[in-house]
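Worksheet: one structure, shown below.
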Amino acid sequence: HGTSKINSKGHLEIGGCDVTDLAKQFGTPLYIVDEELVRQRAREFMTAFRATGLRHQVAYASKAFCVMAMCRVAEEEGMSLDVVSDGELYTALQAGFPAERIHFHGNNKTPEEINMALDVNIGCFVVDNFIELQLLNALAADKGKTVNVLLRITPGVEAHTHDYISTGQQDSKFGFDLSNGTAFKAVEAAIAQPNLKLLGVHSHIGSQIFEVEGFRMAFEKVSAFAVEIRDKLNYTFTVLNLGGGFGIRYVEGDTPLPVATYVQAIADAVLTTCKGADFPLPEIWIEPGRSIVGDAGTTLYTVGTSKEIPGVRKYIAVDGGMTDNPRPALYESKYEAILANRANDATEEVVSVAGKCCESGDMLIWDLNLPAVQSGDLLAVFCTGAYNYAMASNYNRIRRPAVVFVKDGKADLVVARESYKDIVGNDLIPERLRKQA
Ligand code: LLP
């Protein structure tokens with residue numbers, strides 16, 4: 001997919017770059033991002049929305065993969081940006097991302113984070129709870145500012161990829177409950193705050209969703225709420241945000257819909273519901289993360305050791321693991337992989353791919369079909385663009401890998417591999433523990 005192919009040498013090539021060359025130049029493990037595919041995914045959302053005629057913002061959920069180069073691509077493609085911490089906000093600002101196109105999420109924003117965002121005049125705060133509502137208003141008042149606000153509501157629709165639970169009372173740490181009147185009170189409170197300008201509400205129903213039904217259900221609840229607010233409080237929402245969660249294909253059997261199908265389904269729901277309720281067409285915002293960067297990422301590893309337990313299984317170990325991709329250990333996520341240096345080799349064996357962490361749970365892939373693996377082979381694991389580098393850790397004091405963007409035969413380093421100095425960079429030895437000369 002994307003610009004990936006197997007070249008005449010039997011090597012994996014991404015963005016016109018032979019990955020065996022990338023391994024030599026940048027070392028492994030290496031995150032490789034197909035920049036053209038990221039741009040293509042972004043354009044699919046933007047084009048599909050434009051076709052609906054609705055006013056819209058597609059905010060890239062930067063939690064999926066937030067580095068400065070990615071913020072540049074997001075801006076160039078006309079997306080807005082969803083950030084959830086001072087770190088993501090700082091990254092975006094450092095990259096020159098326009099503050100007015102940044103939306104700030106999170107269920108426990110600190111006063112420092114709020115002030116930082118107020119100082120640069122970000123586009124919108126997605127307020128999660130009453131304490132934040134008061135705090136934001138007070139801090140905005142201190143600065144003599146009025147800020148745009150969406151209220152995060154829990155619509156009582158929860159997506160589990162294949163099925164949806166529609167519950168009256170949702171057990172979630174996020175947002176104002178719609179079913180028990182909390183969301184209504186939050187709207188009243190927000191309208192009453194002089195330094196907040198309430199634009200509308202936000203809902204997010206889950207991640208890695210393969211169907212449109214959940215979005216439709218969520219929109220119905222959200223729009224019914226908008227009508228209730230108009231009728232009872234004489235206040236009209238101008239923005240409805242439906243969050244992210246559009247699924248991608250990690251392995252065979254994953255059946256995401258084309259981006260345009262999700263967008264069209266949302267637009268249909270908006271147009272019919274609003275027309276039926278005689279409600280002015282709101283601006284629709286969405287927040288895709290995984291579906292923008294997920295399948296554009298590939299992680300390249302070098303195979304080191306192996307262990308065969310006769311009649312049981314063969315383990316091969318790579319030079320990374322749960323530190324660069326914690327998703328298999330955390331969520332039992334499945335991935336596909338190939339031998340990037342011998343993709344056409346006809347030999348066959350079944351191996352399980354282990355990481356190098358001192359922990360049995362550090363397994364990346366179970367029972368993978370590969371050509372007969374040798375030490376020194378390169379393993380390419382696909383679809384690692386989202387929630388991999390973003391969730392990487394230094395467990396076992398392993399240095400985080402480098403990230404390269406590849407495009408048109410060129411590879412650009414966008415995150416340098418961590419150094420040993422980075423590893424001890426924040427360590428301090430108290431005087432009394434220092435080694436005497
Ligand atoms: N908007 C909100 C409010 C969210 O909470 C999320 C994801 C998104 C947008 C983006 O969702 P996406 O389009 O990427 O599915 N670490 C997990 C995923 C956690 C998603 C959290 N929220 C994983 O690796 O699967």
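Lettering and numbering for the structure tokens are positional, with chains as A, B, ... in the shown order, residues counted from 1 in each chain, and ligands counted from 1 in the shown order.
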field: Shell of 8 Å around ligand 1 (only C-alpha atoms and all ligand atoms), written as JSON, numbers by chain
entry: {"A": [60, 61, 62, 63, 64, 82, 105, 106, 203, 204, 206, 207, 208, 209, 243, 244, 245, 246, 247, 286, 287, 288, 289, 290, 291, 292, 327, 331, 386, 387, 388, 391]}
Can you spit out the residues from that selection as a CSV table (one decimal), in the first residue's frame, using N, CA and C atoms?
```
chain,number,residue,atom,x,y,z
A,60,TYR,N,-6.3,16.8,13.1
A,60,TYR,CA,-5.4,15.7,13.3
A,60,TYR,C,-5.2,15.5,14.8
A,61,ALA,N,-5.5,14.3,15.3
A,61,ALA,CA,-5.3,14.0,16.7
A,61,ALA,C,-3.9,13.6,16.9
A,62,SER,N,-3.1,14.6,17.4
A,62,SER,CA,-1.7,14.5,17.3
A,62,SER,C,-1.2,13.4,18.3
A,63,LYS,N,-2.0,13.0,19.3
A,63,LYS,CA,-1.6,12.0,20.2
A,63,LYS,C,-1.1,10.7,19.5
A,64,ALA,N,-1.6,10.5,18.2
A,64,ALA,CA,-1.2,9.3,17.5
A,64,ALA,C,0.3,9.3,17.1
A,82,ASP,N,-5.4,18.6,17.1
A,82,ASP,CA,-5.9,18.3,18.5
A,82,ASP,C,-4.7,17.9,19.4
A,105,HIS,N,-7.5,19.3,24.2
A,105,HIS,CA,-8.3,18.3,24.9
A,105,HIS,C,-7.7,17.9,26.2
A,106,GLY,N,-8.4,17.1,27.0
A,106,GLY,CA,-7.8,16.5,28.2
A,106,GLY,C,-8.8,16.6,29.4
A,203,SER,N,-18.1,14.8,21.1
A,203,SER,CA,-18.2,13.5,21.5
A,203,SER,C,-17.2,12.6,20.8
A,204,HIS,N,-16.7,11.6,21.5
A,204,HIS,CA,-15.7,10.6,20.9
A,204,HIS,C,-16.2,9.3,21.4
A,206,GLY,N,-14.8,6.1,20.5
A,206,GLY,CA,-13.9,5.0,20.6
A,206,GLY,C,-12.9,5.1,19.4
A,207,SER,N,-12.1,4.0,19.3
A,207,SER,CA,-11.0,4.0,18.3
A,207,SER,C,-11.1,2.7,17.5
A,208,GLN,N,-10.4,2.8,16.3
A,208,GLN,CA,-10.3,1.6,15.5
A,208,GLN,C,-11.7,1.1,15.1
A,209,ILE,N,-12.6,2.0,14.7
A,209,ILE,CA,-14.0,1.6,14.4
A,209,ILE,C,-14.1,1.3,12.9
A,243,GLY,N,-15.3,13.7,17.1
A,243,GLY,CA,-14.1,13.0,17.6
A,243,GLY,C,-13.5,12.2,16.5
A,244,GLY,N,-12.7,11.2,16.9
A,244,GLY,CA,-11.9,10.4,15.9
A,244,GLY,C,-12.4,8.9,16.0
A,245,GLY,N,-11.5,8.0,15.6
A,245,GLY,CA,-11.8,6.6,15.8
A,245,GLY,C,-11.9,5.8,14.5
A,246,PHE,N,-11.6,6.4,13.3
A,246,PHE,CA,-11.8,5.8,12.1
A,246,PHE,C,-10.7,4.7,11.9
A,247,GLY,N,-11.2,3.4,11.7
A,247,GLY,CA,-10.3,2.3,11.7
A,247,GLY,C,-9.3,2.2,10.6
A,286,ILE,N,-14.0,16.8,13.1
A,286,ILE,CA,-13.7,15.5,13.4
A,286,ILE,C,-12.2,15.4,13.8
A,287,GLU,N,-11.8,14.4,14.4
A,287,GLU,CA,-10.4,14.3,15.0
A,287,GLU,C,-9.7,12.9,14.6
A,288,PRO,N,-9.4,12.7,13.4
A,288,PRO,CA,-8.8,11.4,13.1
A,288,PRO,C,-7.3,11.4,13.5
A,289,GLY,N,-6.8,10.3,14.1
A,289,GLY,CA,-5.4,10.2,14.5
A,289,GLY,C,-4.8,9.0,13.7
A,290,ARG,N,-5.2,7.8,14.2
A,290,ARG,CA,-4.7,6.6,13.6
A,290,ARG,C,-4.9,6.5,12.1
A,291,SER,N,-6.1,7.0,11.6
A,291,SER,CA,-6.3,6.8,10.2
A,291,SER,C,-5.5,7.8,9.3
A,292,ILE,N,-4.9,8.8,9.9
A,292,ILE,CA,-4.0,9.7,9.2
A,292,ILE,C,-2.6,9.1,9.1
A,327,ARG,N,2.0,-1.8,21.8
A,327,ARG,CA,0.6,-2.2,21.6
A,327,ARG,C,0.3,-3.7,21.7
A,331,TYR,N,-2.4,-4.3,24.3
A,331,TYR,CA,-3.8,-4.5,23.8
A,331,TYR,C,-3.9,-5.8,23.0
A,386,ALA,N,0.9,5.0,14.0
A,386,ALA,CA,0.1,5.6,15.1
A,386,ALA,C,0.3,4.9,16.4
A,387,TYR,N,0.4,5.6,17.5
A,387,TYR,CA,0.6,5.1,18.8
A,387,TYR,C,1.7,4.1,19.0
A,388,ASN,N,2.8,4.3,18.2
A,388,ASN,CA,4.0,3.6,18.4
A,388,ASN,C,5.1,4.5,18.9
A,391,MET,N,4.0,6.3,21.9
A,391,MET,CA,3.8,5.5,23.2
A,391,MET,C,5.2,4.8,23.5
```
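One finds atom CA of Val149 of chain A at 24.1 Å from atom CA of Gly53 of chain A.
Look at Val263 of chain A: the protein and nucleic acid residues within 10 Å of it, using only C-alpha atoms and passing over chain neighbours fewer than 3 places away, are Glu44, Phe45, Met46, Thr47, Ala48, Phe49, Arg50, Ala51, Thr52, Val212, Phe215, Phe246, Pro258, Val259, Ala260, Ile266, Ala267, Asp268, Ala269 and Ile286 of chain A.
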Residue subset to file, keeping C-alpha atoms, as a compact mmCIF listing (two decimals), in the first residue's frame:
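Output (result03.txt):
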```
# COMPACT_ATOMS: atom_id res chain seq x y z
CA GLU A 44 -9.07 11.80 1.61
CA PHE A 45 -10.69 13.39 4.67
CA MET A 46 -10.41 16.95 3.35
CA THR A 47 -11.73 16.05 -0.11
CA ALA A 48 -14.59 13.97 1.26
CA PHE A 49 -15.67 16.81 3.54
CA ARG A 50 -15.41 19.40 0.80
CA ALA A 51 -17.70 17.23 -1.31
CA THR A 52 -20.40 17.34 1.39
CA VAL A 212 -20.60 4.08 10.43
CA PHE A 215 -21.06 7.82 14.42
CA PHE A 246 -11.80 5.75 12.06
CA PRO A 258 -13.00 4.03 2.93
CA VAL A 259 -12.57 7.44 4.57
CA ALA A 260 -15.16 8.93 2.21
CA ILE A 266 -21.64 11.68 9.04
CA ALA A 267 -22.76 14.26 6.48
CA ASP A 268 -25.97 12.32 5.76
CA ALA A 269 -26.74 12.21 9.47
CA ILE A 286 -13.66 15.45 13.43
```
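Distances from A:Gly376, A:Gly385, A:Gly123, A:Gly253 to Ala296 of chain A were compared using only C-alpha atoms, and the smallest one belongs to A:Gly385.
All residues in segment 338-404 of chain A with a DSSP state of strand (DSSP E), computed from the backbone, read Ile338, Leu339, Glu349, Val350, Val351, Ser352, Val353, Ala354, Met363, Leu364, Ile365, Trp366, Asp367, Leu368, Asn369, Leu370, Leu378, Leu379, Ala380, Val381, Phe382, Ala402, Val403 and Val404 of chain A.
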task: Choose the residue, out of A:Leu378, A:Val38, A:Ala59, A:Cys274, that has the smallest atom-to-atom separation from Lys24 of chain A; count only C-alpha atoms.
output: A:Leu378
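Separating atom CA of Gln374 of chain A from atom CA of Glu348 of chain A is a distance of 12.0 Å.
Atom CA of Leu364 of chain A is positioned 7.6 Å from atom CA of Ala329 of chain A.
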field: Selection near segment 124-134 of chain A, 9 Å with only C-alpha atoms, sequence-local residues under 6 positions removed, as a count of residues only
entry: 31
task: Write out as a VMD selection string which residues come within 10 Å of Asn396 of chain A when counting only C-alpha atoms, dropping same-chain ones fewer than 4 positions away.
output: chain A and resid 323 356 to 359
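Nearest residue to Ile284 of chain A, choosing from A:Ile338, A:Leu198, A:Val58, A:Leu37 and counting only C-alpha atoms: A:Val58.
When the distance limit is 9 Å and only C-alpha atoms are what count, the residues near Thr305 of chain A, minus those fewer than 2 positions from it on the same chain, are Val303, Lys307, Tyr315, Ile316, Ala317, Val318, Gln374, Ser375 and Gly376 of chain A.
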Got time to write the residues from that selection, C-alpha atoms, as a PDB file, in the first residue's frame?
```pdb
ATOM      1  CA  VAL A 303      16.970  -9.881  13.670  1.00  0.00           C
ATOM      2  CA  LYS A 307      15.531 -19.955  19.969  1.00  0.00           C
ATOM      3  CA  TYR A 315      11.354 -17.441  18.570  1.00  0.00           C
ATOM      4  CA  ILE A 316      13.306 -14.822  16.678  1.00  0.00           C
ATOM      5  CA  ALA A 317      14.418 -11.723  18.562  1.00  0.00           C
ATOM      6  CA  VAL A 318      14.664  -8.228  17.109  1.00  0.00           C
ATOM      7  CA  GLN A 374      18.823 -15.656   9.637  1.00  0.00           C
ATOM      8  CA  SER A 375      20.597 -13.448  12.075  1.00  0.00           C
ATOM      9  CA  GLY A 376      21.129 -10.052  10.422  1.00  0.00           C
TER      10      GLY A 376
END
```
Contact residues around Arg72 of chain A with only C-alpha atoms at 9 Å, ignoring same-chain residues under 5 positions, as a PyMOL selection string: chain A and resi 67+77+92+95-97
Grab the residues selected above and save them as a short mmCIF file (atom, residue, chain, number, x, y, z; two decimals), in the first residue's frame with N, CA and C atoms.
```cif
data_model
loop_
_atom_site.label_atom_id
_atom_site.label_comp_id
_atom_site.auth_asym_id
_atom_site.auth_seq_id
_atom_site.Cartn_x
_atom_site.Cartn_y
_atom_site.Cartn_z
N VAL A 67 5.26 14.82 16.29
CA VAL A 67 6.61 15.37 16.19
C VAL A 67 6.51 16.60 15.29
N GLU A 77 -1.39 20.33 4.88
CA GLU A 77 -2.57 19.68 4.30
C GLU A 77 -3.87 20.35 4.74
N ALA A 92 3.69 21.54 18.68
CA ALA A 92 2.96 22.18 17.57
C ALA A 92 3.43 23.63 17.38
N ALA A 95 6.76 24.00 15.91
CA ALA A 95 6.73 23.68 14.48
C ALA A 95 6.07 24.82 13.69
N GLY A 96 5.62 25.82 14.40
CA GLY A 96 4.98 26.95 13.71
C GLY A 96 3.53 26.72 13.36
N PHE A 97 2.91 25.71 14.00
CA PHE A 97 1.51 25.44 13.69
C PHE A 97 0.67 26.60 14.20
#
```
message: To test your reading of the structure, identify every residue in segment 287-414 of chain A that backbone DSSP assigns to alpha helix (DSSP H), and report it as an MDAnalysis selection string.
response: chainID A and resid 290:293 327:331
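Residue nearest Glu158 of chain A within the list A:Pro310, A:Gly15, A:Gly361, A:Gly214: A:Gly214 [criterion: smallest interatomic distance, only C-alpha atoms].
Comparing the minimum interatomic distances between Glu211 of chain A and each of A:Thr261, A:Asn180, A:Ser223, A:Thr3, counting only C-alpha atoms, we find that A:Thr261 sits nearest.
Each of A:Arg434, A:Arg342, A:Lys9, A:Lys407 was compared to Leu370 of chain A using only C-alpha atoms, and A:Arg342 turns out to be the nearest.
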